[in-house]
Amino acid sequence: MKILSDGRLKHIAIIMDGNGRWAKKRGLPREIGHRYGADAFRKTVEYCSKIGLRALTVYAFSTENWKRPEKEVKSILALLRQYVDECEKNIEKYPAYFHFIGDLAVFDDELRARIEKIEERTKDRPLVLNIAFNYGGRSEITQAFSQLMASGKREITEEDVAGALYTSQCGDPDLIIRTGGDMRISNFLLWQAAYAELYFTDVLWPDFNEDELDRAIENFYSRKRRFGGV
Ligand code: FPP
């Protein structure tokens, strides 16, 4: 376990992939894979808070994931509701600023109101947890431009764009981890990924744990970041 006090690694983003394959390997339905995936997610949040990370962004549901069978989509939505329930119950002890990114218009008014309330009540927590739900990087950039156009701005700077993205409060990820063996970004944090270190592992998301995160962090620290310089 490495305490991240030197400021080099402040923000980790994770593409939590491989729940379906994890379940298939065990002859179980995909929904069970997501259930174990949600547990891996819970543990990851706890651990990131322990090691002093400032921001964690997780890809929980993409704008493309609606194409999946209804049963599977429902199971992910149910896990999310369950997690919202838990956060409400443990709000005093909850270690992170609970923050959703993505188009939340898909949630009903009641769920949205509950989420907003948790967001409001956890704002002061040292770890920002961005849960990307109904999220797509291109759509995020498009909404940022619409917002800037609506504000009447005629000249747009990179800072303006960054400020209109969902991540305006926590900045870009230093490290993006993808589990499950595929090596692509899948429309995740397209603008923010510009200088992120990428780490791919074959480990399937439900098997991801503290040791795996330590490994990714160790790998990050072994790299020399030049940000385009020499
Ligand atoms: C990718 O695995 C995973 C998802 C699309 C869903 C991720 C959701 C969770 C980890 C649960 C979220 C819960 C909360 C509480 C935020 P896959 O299904 O694409 O796996 P595969 O590539 O093996 O098919």
# chains A, B, ... in the order shown; residues from 1 in each chain; ligands from 1

call {"tool": "select_by_dssp", "arguments": {"residues": "segment 25-166 of chain A", "states": "strand (DSSP E)", "output": "list in words"}}
result
Ala55, Leu56, Thr57, Val58, Tyr59, Ala60, Phe61, Ser62, Ala96, Tyr97, Phe98, His99, Phe100, Ile101, Leu127, Val128, Leu129, Asn130, Ile131, Ala132, Phe133, Asn134 and Tyr135 of chain A

call {"tool": "residues_around", "arguments": {"residues": "segment 136-141 of chain A", "least_positions_apart": "2", "cutoff": "6 Å", "atoms": "only C-alpha atoms", "output": "PyMOL selection string"}}
result
chain A and resi 62-63+143-144+187-190

call {"tool": "closest_residue", "arguments": {"among": "A:Glu72, A:Glu64, A:Glu210, A:Asp85", "to": "Val45 of chain A", "atoms": "only C-alpha atoms"}}
result
A:Glu210

call {"tool": "residues_near_ligand", "arguments": {"ligand": "ligand 1", "cutoff": "6 Å", "atoms": "only C-alpha atoms and all ligand atoms", "output": "NGL selection string"}}
result
:A and (16-21 or 34 or 37-38 or 60-61 or 76 or 79-80 or 83)

call {"tool": "write_last_selection", "arguments": {"atoms": "all heavy atoms", "output": "tab-separated table (two decimals), in the first residue's frame"}}
result
chain	number	residue	atom	x	y	z
A	16	MET	N	-14.18	-0.49	-15.94
A	16	MET	CA	-14.38	-1.75	-15.19
A	16	MET	C	-14.94	-2.81	-16.14
A	16	MET	O	-16.14	-3.01	-16.23
A	16	MET	CB	-15.37	-1.50	-14.05
A	16	MET	CG	-15.03	-0.30	-13.18
A	16	MET	SD	-16.18	-0.04	-11.79
A	16	MET	CE	-17.65	0.54	-12.63
A	17	ASP	N	-14.07	-3.49	-16.85
A	17	ASP	CA	-14.54	-4.41	-17.89
A	17	ASP	C	-14.28	-5.87	-17.50
A	17	ASP	O	-13.30	-6.17	-16.82
A	17	ASP	CB	-13.83	-4.08	-19.21
A	17	ASP	CG	-14.53	-4.69	-20.40
A	17	ASP	OD1	-15.69	-5.13	-20.26
A	17	ASP	OD2	-13.92	-4.72	-21.48
A	18	GLY	N	-15.16	-6.74	-17.95
A	18	GLY	CA	-14.93	-8.18	-17.78
A	18	GLY	C	-15.93	-8.88	-16.86
A	18	GLY	O	-15.77	-10.07	-16.58
A	19	ASN	N	-16.96	-8.16	-16.43
A	19	ASN	CA	-17.95	-8.80	-15.54
A	19	ASN	C	-18.64	-9.99	-16.21
A	19	ASN	O	-18.84	-11.04	-15.60
A	19	ASN	CB	-19.06	-7.80	-15.15
A	19	ASN	CG	-18.54	-6.66	-14.31
A	19	ASN	OD1	-17.43	-6.72	-13.81
A	19	ASN	ND2	-19.35	-5.62	-14.15
A	20	GLY	N	-19.02	-9.79	-17.47
A	20	GLY	CA	-19.74	-10.83	-18.21
A	20	GLY	C	-18.89	-12.09	-18.37
A	20	GLY	O	-19.36	-13.21	-18.12
A	21	ARG	N	-17.62	-11.89	-18.76
A	21	ARG	CA	-16.73	-13.05	-18.97
A	21	ARG	C	-16.44	-13.76	-17.65
A	21	ARG	O	-16.32	-14.97	-17.59
A	21	ARG	CB	-15.42	-12.59	-19.63
A	21	ARG	CG	-15.55	-12.47	-21.14
A	21	ARG	CD	-14.42	-11.69	-21.71
A	21	ARG	NE	-14.56	-10.27	-21.42
A	21	ARG	CZ	-13.56	-9.40	-21.51
A	21	ARG	NH1	-12.35	-9.82	-21.84
A	21	ARG	NH2	-13.78	-8.13	-21.25
A	34	HIS	N	-21.98	-8.75	-12.76
A	34	HIS	CA	-22.11	-7.33	-12.39
A	34	HIS	C	-22.21	-7.17	-10.87
A	34	HIS	O	-21.70	-6.21	-10.31
A	34	HIS	CB	-23.32	-6.71	-13.08
A	34	HIS	CG	-23.18	-6.64	-14.57
A	34	HIS	ND1	-22.05	-6.16	-15.18
A	34	HIS	CD2	-24.02	-7.02	-15.58
A	34	HIS	CE1	-22.20	-6.23	-16.50
A	34	HIS	NE2	-23.37	-6.76	-16.76
A	37	GLY	N	-18.96	-7.42	-9.63
A	37	GLY	CA	-18.27	-6.22	-10.10
A	37	GLY	C	-18.58	-5.03	-9.19
A	37	GLY	O	-17.70	-4.21	-8.89
A	38	ALA	N	-19.82	-4.96	-8.75
A	38	ALA	CA	-20.20	-3.87	-7.84
A	38	ALA	C	-19.44	-3.99	-6.51
A	38	ALA	O	-19.04	-2.99	-5.91
A	38	ALA	CB	-21.71	-3.88	-7.60
A	60	ALA	N	-19.33	3.23	-15.19
A	60	ALA	CA	-20.31	2.24	-14.74
A	60	ALA	C	-21.29	1.85	-15.84
A	60	ALA	O	-21.76	0.71	-15.89
A	60	ALA	CB	-21.08	2.77	-13.53
A	61	PHE	N	-21.62	2.82	-16.72
A	61	PHE	CA	-22.61	2.51	-17.77
A	61	PHE	C	-22.44	3.54	-18.88
A	61	PHE	O	-22.55	4.73	-18.64
A	61	PHE	CB	-24.02	2.59	-17.16
A	61	PHE	CG	-25.07	1.93	-17.99
A	61	PHE	CD1	-25.29	0.56	-17.90
A	61	PHE	CD2	-25.85	2.67	-18.87
A	61	PHE	CE1	-26.27	-0.06	-18.68
A	61	PHE	CE2	-26.83	2.06	-19.65
A	61	PHE	CZ	-27.04	0.69	-19.55
A	76	ILE	N	-28.10	-3.84	-13.80
A	76	ILE	CA	-27.10	-2.81	-13.48
A	76	ILE	C	-27.79	-1.62	-12.79
A	76	ILE	O	-27.29	-1.07	-11.81
A	76	ILE	CB	-26.33	-2.37	-14.75
A	76	ILE	CG1	-25.55	-3.57	-15.32
A	76	ILE	CG2	-25.39	-1.21	-14.45
A	76	ILE	CD1	-24.85	-3.32	-16.65
A	79	LEU	N	-28.40	-2.49	-9.23
A	79	LEU	CA	-27.18	-2.40	-8.41
A	79	LEU	C	-26.89	-0.94	-8.06
A	79	LEU	O	-26.46	-0.63	-6.95
A	79	LEU	CB	-25.99	-2.98	-9.17
A	79	LEU	CG	-25.96	-4.50	-9.28
A	79	LEU	CD1	-24.90	-4.95	-10.28
A	79	LEU	CD2	-25.67	-5.13	-7.90
A	80	LEU	N	-27.15	-0.09	-9.01
A	80	LEU	CA	-26.91	1.32	-8.77
A	80	LEU	C	-27.85	1.85	-7.68
A	80	LEU	O	-27.43	2.54	-6.75
A	80	LEU	CB	-27.13	2.09	-10.08
A	80	LEU	CG	-26.83	3.56	-9.94
A	80	LEU	CD1	-25.34	3.78	-9.97
A	80	LEU	CD2	-27.49	4.34	-11.05
A	83	TYR	N	-26.73	0.73	-4.40
A	83	TYR	CA	-25.57	1.51	-3.93
A	83	TYR	C	-26.01	2.88	-3.40
A	83	TYR	O	-25.50	3.36	-2.39
A	83	TYR	CB	-24.56	1.66	-5.07
A	83	TYR	CG	-23.24	2.20	-4.59
A	83	TYR	CD1	-22.43	1.44	-3.74
A	83	TYR	CD2	-22.80	3.46	-4.94
A	83	TYR	CE1	-21.23	1.93	-3.27
A	83	TYR	CE2	-21.60	3.96	-4.48
A	83	TYR	CZ	-20.82	3.19	-3.64
A	83	TYR	OH	-19.63	3.68	-3.16

call {"tool": "atom_distance", "arguments": {"atom1": "atom CA of Arg223 of chain A", "atom2": "atom CA of Val128 of chain A"}}
result
24.5 Å

call {"tool": "residues_around", "arguments": {"residues": "Glu92 of chain A", "least_positions_apart": "5", "cutoff": "12 Å", "atoms": "only C-alpha atoms", "output": "list of chain:residue names"}}
result
A:Glu86, A:Cys87, A:Tyr97, A:Ile118, A:Arg121, A:Thr122, A:Lys123, A:Asp124, A:Arg125

call {"tool": "closest_residue", "arguments": {"among": "A:Leu111, A:Val161, A:Leu104, A:Val230", "to": "Ser146 of chain A", "atoms": "only C-alpha atoms"}}
result
A:Val161

call {"tool": "atom_distance", "arguments": {"atom1": "atom CA of Ile3 of chain A", "atom2": "atom CA of Pro173 of chain A"}}
result
17.5 Å
